[in-house]
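Coordinates as given in coords-v6.csv (CSV, C-alpha atoms):
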chain,number,residue,atom,x,y,z
A,1,MET,CA,21.2,-56.7,314.0
A,2,THR,CA,19.3,-58.7,311.5
A,3,TYR,CA,20.6,-60.3,308.4
A,4,ALA,CA,19.1,-62.3,305.5
A,5,PRO,CA,21.7,-63.1,302.9
A,6,SER,CA,21.2,-65.5,300.0
A,7,HIS,CA,24.4,-67.3,301.0
A,8,PRO,CA,24.2,-68.5,304.6
A,9,PRO,CA,27.5,-68.2,306.6
A,10,PRO,CA,29.4,-71.4,307.4
A,11,THR,CA,28.6,-71.1,311.1
A,12,ILE,CA,24.9,-72.0,310.5
A,13,TYR,CA,26.1,-75.4,309.2
A,14,VAL,CA,28.1,-76.0,312.4
A,15,ALA,CA,25.0,-75.1,314.3
A,16,GLY,CA,23.0,-77.7,312.3
A,17,LEU,CA,25.6,-80.4,313.1
A,18,PHE,CA,25.5,-79.6,316.9
A,19,ALA,CA,21.7,-78.9,317.1
A,20,MET,CA,20.7,-82.3,315.7
A,21,GLY,CA,23.5,-84.0,317.5
A,22,TYR,CA,22.3,-82.4,320.7
A,23,THR,CA,18.9,-84.2,320.4
A,24,GLU,CA,20.5,-87.5,319.4
A,25,PHE,CA,23.0,-87.2,322.3
A,26,TYR,CA,20.3,-87.2,325.0
A,27,THR,CA,18.0,-89.7,323.1
A,28,PHE,CA,20.8,-92.2,323.2
A,29,LEU,CA,21.8,-91.5,326.8
A,30,ILE,CA,18.5,-91.7,328.7
A,31,PRO,CA,18.0,-95.5,328.1
A,32,LEU,CA,21.6,-96.2,329.4
A,33,TYR,CA,21.0,-94.0,332.4
A,34,GLY,CA,17.6,-95.7,333.1
A,35,LEU,CA,19.2,-99.2,332.9
A,36,SER,CA,22.0,-98.2,335.2
A,37,LEU,CA,19.3,-97.2,337.8
A,38,GLY,CA,17.6,-100.6,337.5
A,39,MET,CA,14.5,-99.3,335.8
A,40,LYS,CA,12.1,-101.6,334.0
A,41,ALA,CA,11.7,-101.6,330.2
A,42,GLY,CA,8.3,-99.9,330.5
A,43,GLU,CA,9.7,-97.1,332.6
A,44,ILE,CA,12.6,-96.6,330.1
A,45,GLY,CA,10.1,-96.5,327.3
A,46,MET,CA,8.1,-93.8,329.1
A,47,LEU,CA,11.3,-91.8,329.6
A,48,VAL,CA,12.2,-92.0,325.9
A,49,GLY,CA,8.7,-91.0,324.8
A,50,ALA,CA,8.4,-88.2,327.3
A,51,ARG,CA,10.8,-86.0,325.2
A,52,SER,CA,8.1,-85.5,322.6
A,53,VAL,CA,5.3,-84.3,324.9
A,54,LEU,CA,6.0,-80.6,324.9
A,55,ALA,CA,6.9,-80.6,321.2
A,56,VAL,CA,3.4,-81.9,320.3
A,57,PHE,CA,1.6,-79.1,322.1
A,58,LEU,CA,4.0,-76.2,322.0
A,59,SER,CA,6.0,-76.4,318.7
A,60,ILE,CA,3.5,-74.0,317.0
A,61,HIS,CA,3.7,-71.6,319.9
A,62,ILE,CA,7.5,-71.6,320.0
A,63,GLY,CA,7.6,-71.2,316.2
A,64,THR,CA,5.5,-68.0,316.4
A,65,LEU,CA,7.7,-66.7,319.1
A,66,MET,CA,10.7,-67.2,316.7
A,67,ASP,CA,8.9,-65.1,314.1
A,68,ARG,CA,8.0,-62.5,316.6
A,69,PHE,CA,11.1,-62.1,318.7
A,70,GLY,CA,13.9,-63.5,316.5
A,71,THR,CA,14.8,-67.1,315.8
A,72,ARG,CA,18.4,-67.1,317.1
A,73,ARG,CA,17.3,-65.3,320.3
A,74,VAL,CA,14.6,-67.9,321.1
A,75,THR,CA,16.8,-70.8,320.0
A,76,LEU,CA,19.6,-69.8,322.3
A,77,PHE,CA,17.2,-69.7,325.3
A,78,PHE,CA,16.4,-73.4,324.8
A,79,VAL,CA,20.0,-74.4,324.2
A,80,TRP,CA,20.9,-72.8,327.5
A,81,THR,CA,18.0,-74.5,329.2
A,82,ALA,CA,19.2,-77.9,328.1
A,83,MET,CA,22.8,-77.0,329.2
A,84,ALA,CA,21.5,-76.0,332.7
A,85,LEU,CA,19.6,-79.3,333.1
A,86,ALA,CA,22.5,-81.5,331.9
A,87,PRO,CA,24.3,-81.7,335.3
A,88,VAL,CA,20.9,-82.2,337.1
A,89,PHE,CA,20.3,-85.7,335.5
A,90,PRO,CA,23.0,-87.6,337.4
A,91,LEU,CA,21.6,-86.1,340.7
A,92,ILE,CA,18.1,-87.7,340.2
A,93,PRO,CA,17.9,-91.5,340.5
A,94,TRP,CA,14.1,-91.7,340.9
A,95,PHE,CA,11.7,-92.3,338.1
A,96,TRP,CA,9.0,-89.6,338.5
A,97,PRO,CA,11.3,-86.7,339.0
A,98,LEU,CA,13.4,-88.0,336.1
A,99,LEU,CA,10.3,-88.2,333.9
A,100,ALA,CA,9.5,-84.6,334.6
A,101,LEU,CA,13.1,-83.6,333.9
A,102,GLN,CA,13.0,-85.5,330.7
A,103,ILE,CA,9.8,-83.8,329.5
A,104,ILE,CA,11.3,-80.3,330.1
A,105,ASN,CA,14.7,-81.2,328.6
A,106,GLY,CA,13.2,-83.0,325.7
A,107,GLY,CA,11.1,-80.0,324.8
A,108,ALA,CA,14.1,-77.7,325.1
A,109,LEU,CA,16.2,-79.9,322.8
A,110,SER,CA,13.3,-80.2,320.3
A,111,PHE,CA,12.8,-76.4,320.2
A,112,ALA,CA,16.6,-75.8,319.8
A,113,TRP,CA,16.6,-78.1,316.7
A,114,SER,CA,13.4,-76.4,315.4
A,115,GLY,CA,15.1,-73.1,315.8
A,116,SER,CA,18.1,-74.2,313.8
A,117,GLN,CA,15.9,-75.4,311.0
A,118,THR,CA,14.0,-72.1,311.0
A,119,LEU,CA,17.2,-70.1,310.9
A,120,ILE,CA,18.7,-71.9,307.9
A,121,ALA,CA,15.3,-71.5,306.1
A,122,GLN,CA,15.4,-67.8,306.8
A,123,LEU,CA,19.1,-67.2,306.0
A,124,ALA,CA,19.0,-69.4,302.8
A,125,GLU,CA,15.7,-67.8,301.7
A,126,GLY,CA,14.3,-71.3,301.1
A,127,GLU,CA,17.0,-72.4,298.6
A,128,ALA,CA,17.2,-76.2,298.6
A,129,GLU,CA,20.9,-76.2,297.8
A,130,TYR,CA,21.8,-74.5,301.1
A,131,ILE,CA,19.2,-76.4,303.1
A,132,GLY,CA,20.6,-79.6,301.7
A,133,ARG,CA,24.1,-78.7,302.9
A,134,PHE,CA,22.6,-77.9,306.3
A,135,SER,CA,20.9,-81.4,306.3
A,136,PHE,CA,24.2,-83.0,305.4
A,137,PHE,CA,26.0,-81.5,308.4
A,138,ALA,CA,23.0,-82.3,310.6
A,139,ARG,CA,23.4,-86.0,309.7
A,140,ILE,CA,27.0,-85.9,310.7
A,141,GLY,CA,25.9,-84.7,314.1
A,142,SER,CA,23.3,-87.5,314.4
A,143,THR,CA,26.0,-90.0,313.5
A,144,VAL,CA,28.8,-88.8,315.7
A,145,ALA,CA,26.9,-87.9,318.8
A,146,PRO,CA,25.8,-91.4,319.8
A,147,LEU,CA,29.4,-92.7,319.3
A,148,LEU,CA,30.8,-90.0,321.6
A,149,VAL,CA,28.3,-90.5,324.3
A,150,GLY,CA,28.8,-94.2,324.1
A,151,ILE,CA,32.5,-93.7,324.7
A,152,ALA,CA,31.9,-91.3,327.5
A,153,TRP,CA,29.5,-93.7,329.2
A,154,ASP,CA,31.9,-96.6,329.0
A,155,CYS,CA,34.7,-94.4,330.4
A,156,GLY,CA,32.8,-93.0,333.4
A,157,GLY,CA,29.0,-93.4,333.4
A,158,ALA,CA,26.5,-90.7,333.9
A,159,TRP,CA,28.6,-87.8,335.1
A,160,PRO,CA,31.1,-87.5,332.2
A,161,SER,CA,28.3,-88.3,329.7
A,162,TYR,CA,26.0,-85.5,330.8
A,163,MET,CA,28.9,-83.1,331.2
A,164,LEU,CA,29.9,-83.8,327.7
A,165,GLY,CA,26.3,-82.9,326.8
A,166,PHE,CA,26.9,-79.6,328.6
A,167,ALA,CA,30.1,-79.0,326.5
A,168,TRP,CA,28.2,-79.9,323.3
A,169,GLY,CA,25.7,-77.1,324.2
A,170,VAL,CA,28.6,-74.7,324.7
A,171,VAL,CA,29.8,-75.3,321.1
A,172,LEU,CA,26.3,-75.0,319.8
A,173,THR,CA,26.0,-71.6,321.6
A,174,ILE,CA,29.2,-70.3,320.0
A,175,ALA,CA,28.0,-71.4,316.6
A,176,LEU,CA,24.6,-69.7,317.0
A,177,LEU,CA,26.2,-66.5,318.4
A,178,ARG,CA,28.5,-66.3,315.4
A,179,ALA,CA,25.5,-66.8,313.0
A,180,PRO,CA,23.4,-63.7,312.1
A,181,GLU,CA,19.9,-63.2,313.2
A,182,ALA,CA,17.4,-63.4,310.4
A,183,GLU,CA,15.1,-60.5,309.5
A,184,ILE,CA,12.2,-60.1,311.8
A,185,ALA,CA,8.6,-59.6,310.7
A,186,PRO,CA,7.6,-55.9,310.1
A,187,ARG,CA,5.5,-54.2,312.8
A,188,GLY,CA,3.4,-51.2,312.2
A,189,GLY,CA,4.2,-51.0,308.5
A,190,ALA,CA,7.9,-50.7,308.8
A,191,ALA,CA,10.6,-53.3,309.0
A,192,ALA,CA,11.7,-54.1,312.6
A,193,ALA,CA,15.3,-53.4,313.2
A,194,GLN,CA,15.1,-54.9,316.7
A,195,PRO,CA,12.9,-57.8,318.1
A,196,ALA,CA,9.9,-57.0,320.2
A,197,ARG,CA,10.3,-56.8,324.0
A,198,PHE,CA,9.3,-60.1,325.6
A,199,ARG,CA,6.6,-60.0,328.2
A,200,ALA,CA,5.4,-62.6,330.7
A,201,ARG,CA,2.1,-63.1,328.8
A,202,ASP,CA,4.0,-64.0,325.6
A,203,ALA,CA,5.1,-67.2,327.3
A,204,LEU,CA,1.5,-68.4,327.1
A,205,PRO,CA,0.2,-70.0,323.9
A,206,ARG,CA,-2.4,-68.0,322.0
A,207,LEU,CA,-5.3,-69.7,320.2
A,208,PRO,CA,-5.1,-67.2,317.2
A,209,ASP,CA,-1.5,-68.3,316.6
A,210,TYR,CA,-2.5,-71.9,316.4
A,211,VAL,CA,-5.5,-71.1,314.1
A,212,ARG,CA,-3.2,-69.1,311.7
A,213,CYS,CA,-0.6,-71.9,311.7
A,214,PHE,CA,-3.1,-74.6,310.8
A,215,ALA,CA,-4.6,-72.3,308.2
A,216,LEU,CA,-1.3,-72.6,306.4
A,217,MET,CA,-2.5,-76.1,305.4
A,218,ALA,CA,-4.8,-74.3,303.0
A,219,ILE,CA,-1.7,-73.6,300.8
A,220,PRO,CA,-1.5,-76.6,298.5
A,221,ALA,CA,2.3,-76.8,298.7
A,222,VAL,CA,2.2,-76.8,302.5
A,223,ALA,CA,-0.6,-79.5,302.6
A,224,THR,CA,1.5,-81.7,300.2
A,225,THR,CA,4.6,-81.5,302.3
A,226,MET,CA,2.8,-82.1,305.5
A,227,ALA,CA,1.2,-85.3,304.1
A,228,ILE,CA,4.6,-86.4,302.8
A,229,ILE,CA,6.0,-85.8,306.3
A,230,PHE,CA,3.4,-88.2,307.7
A,231,LEU,CA,4.3,-90.9,305.1
A,232,ARG,CA,8.0,-90.3,305.8
A,233,THR,CA,7.6,-90.6,309.5
A,234,ALA,CA,5.6,-93.8,309.0
A,235,THR,CA,8.6,-95.4,307.3
A,236,ASN,CA,10.9,-94.2,310.0
A,237,GLY,CA,8.5,-95.7,312.6
A,238,VAL,CA,8.6,-99.0,310.8
A,239,GLN,CA,12.4,-99.0,310.9
A,240,SER,CA,12.7,-98.1,314.5
A,241,SER,CA,10.3,-100.8,315.7
A,242,LEU,CA,9.0,-103.5,313.4
A,243,TYR,CA,12.1,-103.6,311.2
A,244,VAL,CA,14.3,-104.3,314.2
A,245,VAL,CA,12.0,-107.0,315.5
A,246,TYR,CA,11.7,-108.8,312.2
A,247,LEU,CA,15.5,-108.8,311.4
A,248,ASN,CA,16.3,-110.0,314.9
A,249,GLY,CA,13.8,-112.8,314.4
A,250,MET,CA,15.5,-113.7,311.1
A,251,GLY,CA,18.8,-114.2,313.0
A,252,LEU,CA,20.7,-111.0,312.3
A,253,THR,CA,23.0,-109.8,315.0
A,254,GLY,CA,22.8,-106.5,316.8
A,255,THR,CA,25.9,-105.4,315.0
A,256,SER,CA,24.5,-106.2,311.6
A,257,ILE,CA,21.3,-104.3,312.4
A,258,GLY,CA,23.4,-101.4,313.6
A,259,VAL,CA,25.3,-101.3,310.3
A,260,LEU,CA,22.0,-101.1,308.4
A,261,PHE,CA,21.0,-98.1,310.6
A,262,ALA,CA,24.3,-96.4,310.1
A,263,VAL,CA,24.1,-96.9,306.3
A,264,ILE,CA,20.8,-95.1,306.0
A,265,GLU,CA,22.1,-92.1,308.0
A,266,ILE,CA,25.2,-91.9,305.8
A,267,THR,CA,23.4,-92.1,302.5
A,268,SER,CA,20.7,-89.8,303.7
A,269,GLY,CA,23.4,-87.2,304.3
A,270,LEU,CA,24.8,-87.7,300.9
A,271,GLY,CA,21.4,-87.5,299.3
A,272,SER,CA,20.7,-84.1,300.9
A,273,LEU,CA,23.7,-82.7,298.9
A,274,PHE,CA,21.7,-83.6,295.7
A,275,ALA,CA,18.6,-81.7,296.8
A,276,GLY,CA,19.6,-78.4,295.1
A,277,ARG,CA,20.1,-80.2,291.7
A,278,ALA,CA,16.8,-82.2,292.2
A,279,MET,CA,15.0,-78.9,292.8
A,280,ARG,CA,16.1,-77.7,289.3
A,281,LEU,CA,15.6,-81.0,287.5
A,282,GLY,CA,11.8,-81.2,287.8
A,283,ASP,CA,8.7,-80.3,289.8
A,284,PRO,CA,9.9,-80.6,293.4
A,285,GLN,CA,6.6,-81.7,294.8
A,286,ARG,CA,6.3,-84.6,292.4
A,287,THR,CA,10.0,-85.4,293.1
A,288,MET,CA,9.1,-85.5,296.9
A,289,LEU,CA,6.1,-87.7,296.4
A,290,THR,CA,8.0,-90.1,294.0
A,291,GLY,CA,10.9,-90.4,296.4
A,292,THR,CA,8.6,-91.1,299.4
A,293,VAL,CA,6.5,-93.7,297.5
A,294,LEU,CA,9.8,-95.5,296.6
A,295,SER,CA,10.9,-95.4,300.2
A,296,VAL,CA,7.6,-97.0,301.2
A,297,LEU,CA,8.1,-99.7,298.7
A,298,LEU,CA,11.6,-100.4,299.8
A,299,ILE,CA,10.8,-100.8,303.5
A,300,SER,CA,7.7,-102.9,302.6
A,301,ALA,CA,9.8,-105.3,300.6
A,302,THR,CA,11.8,-106.3,303.6
A,303,PRO,CA,10.0,-109.7,304.1
A,304,PHE,CA,10.7,-110.6,300.4
A,305,ILE,CA,14.4,-109.8,300.9
A,306,GLY,CA,14.6,-112.0,303.9
A,307,ALA,CA,17.9,-112.2,305.7
A,308,VAL,CA,20.1,-111.5,302.7
A,309,PHE,CA,22.3,-108.9,304.2
A,310,THR,CA,23.7,-107.5,300.9
A,311,LEU,CA,20.1,-106.8,299.6
A,312,LEU,CA,19.0,-105.3,302.9
A,313,LEU,CA,22.1,-103.1,302.8
A,314,ALA,CA,21.3,-102.0,299.3
A,315,ALA,CA,17.7,-101.3,300.1
A,316,GLN,CA,18.7,-99.2,303.2
A,317,ALA,CA,21.3,-97.3,301.2
A,318,LEU,CA,18.8,-96.4,298.4
A,319,ARG,CA,16.0,-95.5,300.9
A,320,GLY,CA,18.4,-93.3,302.8
A,321,TRP,CA,19.5,-91.5,299.7
A,322,LEU,CA,15.9,-90.9,298.6
A,323,GLN,CA,15.0,-89.6,302.1
A,324,GLY,CA,18.1,-87.4,302.1
A,325,VAL,CA,16.9,-85.8,298.8
A,326,VAL,CA,13.3,-85.4,299.9
A,327,GLN,CA,13.9,-83.7,303.3
A,328,PRO,CA,15.6,-80.5,302.0
A,329,LEU,CA,13.0,-80.3,299.2
A,330,MET,CA,10.2,-80.3,301.8
A,331,PHE,CA,11.9,-77.6,303.8
A,332,SER,CA,12.5,-75.5,300.7
A,333,VAL,CA,9.0,-75.8,299.3
A,334,GLN,CA,7.5,-74.9,302.7
A,335,ALA,CA,9.8,-72.0,303.2
A,336,LYS,CA,9.0,-70.5,299.8
A,337,ALA,CA,5.3,-71.1,300.1
A,338,VAL,CA,4.8,-69.3,303.4
A,339,GLY,CA,7.1,-66.3,302.9
A,340,ARG,CA,9.9,-64.8,304.9
A,341,TYR,CA,8.1,-64.0,308.1
A,342,ARG,CA,6.2,-67.2,308.7
A,343,GLN,CA,9.2,-69.6,308.8
A,344,GLY,CA,9.0,-70.3,312.6
A,345,SER,CA,5.3,-71.0,312.2
A,346,VAL,CA,5.6,-73.5,309.4
A,347,VAL,CA,8.5,-75.3,311.2
A,348,GLY,CA,6.3,-75.4,314.3
A,349,LEU,CA,3.5,-76.9,312.3
A,350,ARG,CA,5.9,-79.4,310.8
A,351,GLN,CA,7.2,-80.5,314.1
A,352,THR,CA,3.7,-80.9,315.5
A,353,MET,CA,2.6,-83.1,312.7
A,354,ASN,CA,5.9,-85.1,312.9
A,355,ARG,CA,5.6,-85.7,316.6
A,356,LEU,CA,1.9,-86.6,316.3
A,357,ALA,CA,2.8,-89.2,313.7
A,358,ALA,CA,5.7,-90.5,315.8
A,359,ILE,CA,3.3,-91.1,318.7
A,360,VAL,CA,0.4,-92.6,316.8
A,361,ILE,CA,2.1,-94.8,314.2
A,362,PRO,CA,4.2,-97.2,316.3
A,363,PRO,CA,1.3,-98.5,318.5
A,364,ALA,CA,-0.7,-99.0,315.3
A,365,MET,CA,2.1,-101.0,313.7
A,366,GLY,CA,2.5,-103.1,316.9
A,367,ALA,CA,-1.2,-103.9,316.8
A,368,ILE,CA,-1.1,-105.0,313.2
A,369,ALA,CA,2.0,-107.1,313.8
A,370,ASP,CA,0.4,-108.8,316.8
A,371,GLN,CA,-2.7,-109.6,314.7
A,372,TRP,CA,-1.1,-110.8,311.5
A,373,GLY,CA,2.6,-111.3,312.2
A,374,ALA,CA,5.7,-109.2,311.6
A,375,GLY,CA,6.3,-110.4,308.0
A,376,ALA,CA,2.7,-109.8,306.8
A,377,SER,CA,2.5,-106.5,308.6
A,378,PHE,CA,5.1,-105.0,306.3
A,379,VAL,CA,2.9,-105.7,303.3
A,380,ILE,CA,-0.3,-104.5,305.1
A,381,LEU,CA,1.4,-101.2,306.2
A,382,GLY,CA,2.9,-100.7,302.7
A,383,ALA,CA,-0.5,-101.1,301.1
A,384,VAL,CA,-2.1,-98.6,303.5
A,385,LEU,CA,0.6,-96.1,303.0
A,386,LEU,CA,0.4,-96.4,299.2
A,387,MET,CA,-3.4,-95.9,299.4
A,388,LEU,CA,-2.7,-92.7,301.5
A,389,SER,CA,-0.3,-91.6,298.8
A,390,ALA,CA,-3.2,-91.3,296.2
A,391,PRO,CA,-4.9,-88.2,297.7
A,392,VAL,CA,-1.4,-86.7,298.2
A,393,ALA,CA,-0.8,-87.1,294.5
A,394,LEU,CA,-4.1,-85.2,293.8
A,395,ILE,CA,-3.0,-82.4,296.1
A,396,THR,CA,0.4,-82.4,294.3
A,397,ARG,CA,-1.3,-81.9,291.0
A,398,ARG,CA,-3.4,-79.1,292.4
A,399,ALA,CA,-0.3,-77.4,293.8
A,400,ALA,CA,1.5,-77.7,290.5
A,401,ARG,CA,-1.5,-76.1,288.7
A,402,VAL,CA,-1.5,-73.2,291.2
A,403,GLU,CA,2.2,-72.6,290.7
A,404,THR,CA,1.9,-72.7,287.0
A,405,SER,CA,-1.0,-70.3,287.0
A,406,ALA,CA,0.9,-67.9,289.2
A,407,ILE,CA,3.9,-68.0,286.8
A,408,LEU,CA,1.6,-67.4,283.7
A,409,SER,CA,-0.2,-64.5,285.4
A,410,GLN,CA,3.1,-62.6,285.9
A,411,PRO,CA,3.7,-60.0,283.2
A,412,GLN,CA,6.0,-61.2,280.5
A,413,ASN,CA,7.2,-57.8,279.3
A,414,PRO,CA,7.8,-55.3,282.1
A,415,GLN,CA,8.3,-52.4,279.6
A,416,SER,CA,4.9,-53.0,277.9
A,417,GLU,CA,3.3,-53.1,281.4
A,418,ALA,CA,4.9,-49.8,282.2
A,419,ARG,CA,3.5,-48.3,279.1

Whole structure, structure tokens version:
Amino acid sequence: MTYAPSHPPPTIYVAGLFAMGYTEFYTFLIPLYGLSLGMKAGEIGMLVGARSVLAVFLSIHIGTLMDRFGTRRVTLFFVWTAMALAPVFPLIPWFWPLLALQIINGGALSFAWSGSQTLIAQLAEGEAEYIGRFSFFARIGSTVAPLLVGIAWDCGGAWPSYMLGFAWGVVLTIALLRAPEAEIAPRGGAAAAQPARFRARDALPRLPDYVRCFALMAIPAVATTMAIIFLRTATNGVQSSLYVVYLNGMGLTGTSIGVLFAVIEITSGLGSLFAGRAMRLGDPQRTMLTGTVLSVLLISATPFIGAVFTLLLAAQALRGWLQGVVQPLMFSVQAKAVGRYRQGSVVGLRQTMNRLAAIVIPPAMGAIADQWGAGASFVILGAVLLMLSAPVALITRRAARVETSAILSQPQNPQSEAR
């Protein structure tokens, strides 16, 4: 049974909490497990990075499968895959088998999260208010999951930690089963009441699907949001690498840095609740660009703030709130731009661009820091990102003109049109 209400059921918010928490759960756990096995830092880094490999190449393919066979149906498959692999981790103490397991499990977790994002976009019909609520609950999941897995690890190590991951998947399964399936794309000129039958050949990626997905970039609204995603991912990359190195060099303790990371998660969740109002206050694409540029400025100003913890805290709080507002706006603009039956495709494209940026940007930042120093690299990276914002502003203006033209071209008096 398919269903596409304008008011999503509460269970989809529960699914958002556990879907994002599912990813954060394993992301936090794998370094601890690698250290317990005596692995080197390089090996642990490879294990952490391996989770993105399948997402880079297959996110578009999985997104089209969601459009074709039903989002909830495909999402559940990957949730169950991650559940099945959870008890396998403690049984594998060797690097190469663990790397292969991490690649498969990381892909399943990424696709489960993508499916949850797709489902809320479909059920909410692209409304930023509901997507913002979904993002708020997802942030709760990303905050709570590392705390719980840390406790489980301290209490018993790998086995209770990974079995807790299995239980986490059970709750996510229940939430998804209680959420409705979104309407599936029509086939043969009529709306599809049931998803298509899955065949073995459907498991293989198709070049035309990738071509159609990248063709979505021709839509100005999609191009704008994809560019903003790149800039947003860049600031997150700065925080997860260069930011930590710089603050540690300035004498801040691990606890203090952890507080700064927690603050940005909390304020980001609160900011996502404001997304619906921000959508109505002004042009959403200009709002997204403005919020992202301000985020770039705030992270670039870190060397000028120094080690003044209060100012660092304020900058993180404001940046988190801005990013919290921007994220649901991006999802909403994309969802409305591509229509009801391409939601999986645009989420797959978004995940592909996000993962590519996450892989490319950190090494580039490290090279800049090695050449000019950590402090100067903030300024250099900020200047580069601000220059990249200029063409995004031009695309945003074009997208606004297209939207305005579409509104003006609509008939103003239906009765006169009928006559």

In terms of the shortest atom-to-atom distance over all atoms listed in the file, which of A:Ser300, A:Val333, A:Arg178, A:Leu349 is closest to A:Pro9?
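Of all the options, A:Arg178 lies closest to A:Pro9.
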
Every residue with an atom at most 10 Å from (22.2, -93.5, 335.0) (file coordinates; all atoms listed in the file) is what I'm after, so could you write them as a list in words?
Leu29, Ile30, Pro31, Leu32, Tyr33, Gly34, Leu35, Ser36, Leu37, Gly38, Met39, Phe89, Pro90, Leu91, Ile92, Pro93, Trp153, Gly157, Ala158, Trp159, Ser161 and Tyr162 of chain A

Between atom CA of A:Phe28 and atom CA of A:Pro363 lies a distance of 21.0 Å

Check the smallest atom-to-atom distance from each of A:Gly107, A:Gly375, A:Pro205, A:Gly132 to A:Gly271 using all atoms listed in the file, then report the winner.
A:Gly132

Kindly give the distance, in Å, that separates atom CA of A:Gln343 and atom CA of A:Thr71, rounded to a single decimal.
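We find that atom CA of A:Gln343 and atom CA of A:Thr71 lie 9.3 Å from each other.
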
Counting only C-alpha atoms, figure out which residue out of A:Gln285, A:Gln117, A:Ser345, A:Ser268 gets nearest to A:Tyr13.
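The closest residue to A:Tyr13 is A:Gln117.
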
Might you pull out every residue within 9 Å of stretch 226-229 of chain A, with all atoms listed in the file counted and same-chain residues fewer than 6 positions away left off, and present them as an mmCIF file with C-alpha atoms, keeping the file's coordinate frame?
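Wrote part_24.cif, looks like this:
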data_model
loop_
_atom_site.group_PDB
_atom_site.id
_atom_site.type_symbol
_atom_site.label_atom_id
_atom_site.label_comp_id
_atom_site.auth_asym_id
_atom_site.auth_seq_id
_atom_site.Cartn_x
_atom_site.Cartn_y
_atom_site.Cartn_z
ATOM 1 C CA MET A 217 -2.500 -76.100 305.400
ATOM 2 C CA MET A 288 9.100 -85.500 296.900
ATOM 3 C CA LEU A 289 6.100 -87.700 296.400
ATOM 4 C CA THR A 292 8.600 -91.100 299.400
ATOM 5 C CA GLN A 327 13.900 -83.700 303.300
ATOM 6 C CA MET A 330 10.200 -80.300 301.800
ATOM 7 C CA LEU A 349 3.500 -76.900 312.300
ATOM 8 C CA ARG A 350 5.900 -79.400 310.800
ATOM 9 C CA MET A 353 2.600 -83.100 312.700
ATOM 10 C CA ASN A 354 5.900 -85.100 312.900
ATOM 11 C CA ALA A 357 2.800 -89.200 313.700
ATOM 12 C CA LEU A 388 -2.700 -92.700 301.500
ATOM 13 C CA SER A 389 -0.300 -91.600 298.800
ATOM 14 C CA VAL A 392 -1.400 -86.700 298.200
#

List every protein, DNA or RNA residue that has an atom no more than 9 Å from (29.0, -82.1, 309.5) in the file's coordinate frame, counting all atoms listed in the file, and report them as an MDAnalysis selection string.
chainID A and resid 13:14 16:18 133:141

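Note that the spacing between atom CA of A:Gly269 and atom CA of A:Gly291 amounts to 15.1 Å.
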
Between A:Asn248, A:Ser295, A:Thr64, A:Thr23, which residue has the minimum interatomic distance to A:Ala234, considering all atoms listed in the file?
A:Ser295

Could you add whatever atoms are missing so that stretch 275-286 of chain A carries N, CA and C atoms, then write the result as a PDB file, keeping the file's coordinate frame?
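So the final result, stored in result_11.pdb, reads:
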ATOM      1  N   ALA A 275      19.955 -82.288 296.766  1.00  0.00           N
ATOM      2  CA  ALA A 275      18.600 -81.700 296.800  1.00  0.00           C
ATOM      3  C   ALA A 275      18.555 -80.430 295.896  1.00  0.00           C
ATOM      4  N   GLY A 276      19.617 -79.608 295.888  1.00  0.00           N
ATOM      5  CA  GLY A 276      19.600 -78.400 295.100  1.00  0.00           C
ATOM      6  C   GLY A 276      19.456 -78.745 293.584  1.00  0.00           C
ATOM      7  N   ARG A 277      20.161 -79.772 293.139  1.00  0.00           N
ATOM      8  CA  ARG A 277      20.100 -80.200 291.700  1.00  0.00           C
ATOM      9  C   ARG A 277      18.681 -80.782 291.457  1.00  0.00           C
ATOM     10  N   ALA A 278      18.147 -81.566 292.410  1.00  0.00           N
ATOM     11  CA  ALA A 278      16.800 -82.200 292.200  1.00  0.00           C
ATOM     12  C   ALA A 278      15.756 -81.083 292.111  1.00  0.00           C
ATOM     13  N   MET A 279      15.948 -79.977 292.823  1.00  0.00           N
ATOM     14  CA  MET A 279      15.000 -78.900 292.800  1.00  0.00           C
ATOM     15  C   MET A 279      14.914 -78.283 291.369  1.00  0.00           C
ATOM     16  N   ARG A 280      16.035 -78.314 290.664  1.00  0.00           N
ATOM     17  CA  ARG A 280      16.100 -77.700 289.300  1.00  0.00           C
ATOM     18  C   ARG A 280      15.718 -78.705 288.213  1.00  0.00           C
ATOM     19  N   LEU A 281      15.793 -79.994 288.502  1.00  0.00           N
ATOM     20  CA  LEU A 281      15.600 -81.000 287.500  1.00  0.00           C
ATOM     21  C   LEU A 281      14.102 -81.180 287.104  1.00  0.00           C
ATOM     22  N   GLY A 282      13.204 -80.943 288.050  1.00  0.00           N
ATOM     23  CA  GLY A 282      11.800 -81.200 287.800  1.00  0.00           C
ATOM     24  C   GLY A 282      10.932 -80.541 288.875  1.00  0.00           C
ATOM     25  N   ASP A 283       9.640 -80.794 288.798  1.00  0.00           N
ATOM     26  CA  ASP A 283       8.700 -80.300 289.800  1.00  0.00           C
ATOM     27  C   ASP A 283       9.094 -80.840 291.160  1.00  0.00           C
ATOM     28  N   PRO A 284       9.446 -80.022 292.139  1.00  0.00           N
ATOM     29  CA  PRO A 284       9.900 -80.600 293.400  1.00  0.00           C
ATOM     30  C   PRO A 284       8.865 -81.351 294.173  1.00  0.00           C
ATOM     31  N   GLN A 285       7.599 -80.983 294.043  1.00  0.00           N
ATOM     32  CA  GLN A 285       6.600 -81.700 294.800  1.00  0.00           C
ATOM     33  C   GLN A 285       6.356 -83.101 294.236  1.00  0.00           C
ATOM     34  N   ARG A 286       6.436 -83.248 292.930  1.00  0.00           N
ATOM     35  CA  ARG A 286       6.300 -84.600 292.400  1.00  0.00           C
ATOM     36  C   ARG A 286       7.576 -85.400 292.702  1.00  0.00           C
TER      37      ARG A 286
END
